[in-house]
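Q: For reference, the structure I am asking about is given below.
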Amino acid sequence: MNQLEGRKLKISVVTPSHNRVEYLKVAVMSVQVNVLAPLDIEFEHIIHDCGSTDGTKEYFIGNLPPERIFHIKDQGDNKESTKDRQWIQATKDLRKDVPPSQARNICIQKASGQFICVLDDDDVFLQRTIHNFASAILLNPTKKFFTSDFLRVNEHLQYMPKEDYYGWIYSSPHEMLQAIFDSCHFIQGNVCFSKKLYDEVGGYDESVGMAEDLDLYVRFLIHGHLNVYLPMISHLHRMHTANFSIGCDRNKHYSDLKDIYRRNENTLKGMGIQLRLSE
């Protein structure tokens, strides 16, 4: 079924942020300069400020954000009633340690696009990223999950040789799941997925720590949705001392995989997927 339902394709880029205003400025710019032509499509950028104290609020107030950038006010008490949040120019969130999974869910709840791209506040989109994902969506109208390649750069956006990420092509969700739980493959921020698929699997699990993204994509695969792999560079992944993933060594990755497997153990075992963690 064509999931656009007669509407113009719109992609929502979501970015949670906390105390990274200088990095965030570059991330925002990288989205805004995306070139869509010749496709007749739209995009928006939804940013959730998770209690920043570094001038993020003042940056937005003083720079009258473009039409496609929205900001979300949060009361900060983390109660269910605050799920209905206001859209305002200046952001406010009183919590200090909002997990990325929760902040992303907040953004996606407000997204009006049929598809979602996740951009971390310290990463940078390439100028044709939205166009290229959109082109793939239009060419594959029944597909809900798209992945790409990305490059790692240092804090100054200088290229890091021998640190590229390149995706693989799999024949089935089962094959890809086994590769993930063999620790031979992973998926990070190089994705574009259907909001309907996100809703179908229940969104990001807010109890999950750093591997909340891989946990979501594993559930996409469990539900039978194999990704469409695009051999393109979607973004620059910035590595720096405050980066959540910079301290993720093999042991931490193995621990994350074990946690994800445990949460989905009955289903994965029923599919014949084993937790093998290849050396």
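Identifiers in the structure tokens: chain A, B, ... in order shown; residue index from 1 per chain; ligand index from 1 in order shown.
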Mind checking which residues fall within 7 Å of Asp121 (chain A), counting only C-alpha atoms, ignoring those fewer than 4 positions away in the same chain, and posting them as a PyMOL selection string?
A: chain A and resi 15-17+23-24+27
Q: Do you have, as a tab-separated table, the list of residues of region 100-216 of chain A lying at most 6 Å from region 221-244 of chain A, each with its nearest atom pair and that distance in Å to one decimal, counting only C-alpha atoms and ordered by chain then number?
A:
```
residue	atom	partner	partner_atom	distance
A:Asp123	CA	A:His237	CA	5.0
A:Val124	CA	A:Leu236	CA	5.1
A:Phe125	CA	A:His235	CA	4.4
A:Leu126	CA	A:His235	CA	5.5
A:Thr129	CA	A:Ser234	CA	5.2
A:Phe145	CA	A:Asn227	CA	4.8
A:Phe146	CA	A:Val228	CA	4.7
A:Thr147	CA	A:Tyr229	CA	5.0
A:Ser148	CA	A:Leu230	CA	4.9
A:Asp149	CA	A:Ile233	CA	4.8
A:Phe150	CA	A:Ile233	CA	4.8
A:Leu151	CA	A:Leu236	CA	5.1
A:Arg152	CA	A:His237	CA	4.7
A:Val153	CA	A:Arg238	CA	5.0
A:Asn154	CA	A:Met239	CA	4.9
A:Glu155	CA	A:His240	CA	5.1
A:Pro173	CA	A:Leu226	CA	5.0
```
Q: Applying 10 Å and only C-alpha atoms, which residues near Val118 (chain A) remain after dropping the ones on its own chain fewer than 4 positions away? List them as an NGL selection string.
A: :A and (12-16 or 45-46 or 104 or 107-108 or 188-193 or 213)
Q: From a DSSP pass on the backbone, collect the residues of region 81-264 of chain A flagged as strand (DSSP E) and hand them back as an MDAnalysis selection string.
A: chainID A and resid 86:88 115:118 124:125 145:153 191:194 228:238
Q: If you run DSSP over the backbone, which residues in region 189-224 of chain A end up alpha helix (DSSP H)? Put them as a list in words.
A: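 Across region 189-224 of chain A, those assigned alpha helix (DSSP H) are Lys195, Lys196, Leu197, Tyr198, Asp199, Glu200, Val201, Glu212, Asp213, Leu214, Asp215, Leu216, Tyr217, Val218, Arg219, Phe220, Leu221 and Ile222 of chain A.
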Q: I want to know what sits within 8 Å of Asn34 (chain A), based on only C-alpha atoms, with residues of the same chain fewer than 4 positions away left out; could you give that as a ChimeraX atom specification?
A: /A:30,126-131
Q: Limited to N, CA and C atoms, could you put the picked residues into a file as a tab-separated table (two decimals), in the first residue's frame?
A:
```tsv
chain	number	residue	atom	x	y	z
A	30	SER	N	22.85	22.69	8.32
A	30	SER	CA	23.01	21.60	7.35
A	30	SER	C	21.67	21.08	6.86
A	126	LEU	N	24.44	16.00	4.79
A	126	LEU	CA	24.93	16.46	3.51
A	126	LEU	C	23.79	17.17	2.77
A	127	GLN	N	24.16	17.93	1.76
A	127	GLN	CA	23.20	18.83	1.13
A	127	GLN	C	22.08	18.13	0.37
A	128	ARG	N	22.30	16.87	-0.03
A	128	ARG	CA	21.27	16.14	-0.77
A	128	ARG	C	20.69	14.98	0.04
A	129	THR	N	20.91	14.95	1.34
A	129	THR	CA	20.43	13.83	2.15
A	129	THR	C	18.92	13.68	2.09
A	130	ILE	N	18.19	14.75	2.31
A	130	ILE	CA	16.72	14.66	2.30
A	130	ILE	C	16.23	14.28	0.91
A	131	HIS	N	16.80	14.91	-0.12
A	131	HIS	CA	16.44	14.58	-1.50
A	131	HIS	C	16.66	13.10	-1.77
```
Q: For CA of Arg262 (chain A) and CA of Ser172 (chain A), quote the distance in Å rounded to one decimal.
A: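 Between these atoms lies a distance of 21.8 Å.
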Q: With distances taken over only C-alpha atoms, which of A:Glu22, A:Glu206, A:Glu163, A:Asp182 is nearest to Ala103 (chain A)?
A: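 Closest candidate: A:Glu206.
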Q: Any idea what's packed within 12 Å of Ser255 (chain A), counting only C-alpha atoms, ignoring anything in its chain fewer than 5 positions away? Could you give it as a PyMOL selection string?
A: chain A and resi 181+183+209-211+248-250+260-262+275+277
Q: Here is a test: counting only C-alpha atoms, which residue of A:Ala111, A:Ile106, A:Ile273, A:Ile41 is nearest to Lys195 (chain A)?
A: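 Closest to Lys195 (chain A), using only C-alpha atoms: A:Ala111.
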Q: Measuring between only C-alpha atoms, which one of A:Lys10, A:Ser101, A:Arg20, A:Lys162 shows the shortest distance to Ser207 (chain A)?
A: A:Ser101
Q: Using only C-alpha atoms, determine which residues lie at most 10 Å from Gly55 (chain A), disregarding the query and same-chain residues fewer than 4 positions distant; provide the list as a VMD selection string.
A: chain A and resid 19 to 22 59 to 61
Q: Of the candidates A:Asn266, A:Gln158, A:Asn140, A:Gln274, which shows the shortest atom-to-atom distance to Ile180 (chain A), using only C-alpha atoms?
A: A:Gln274
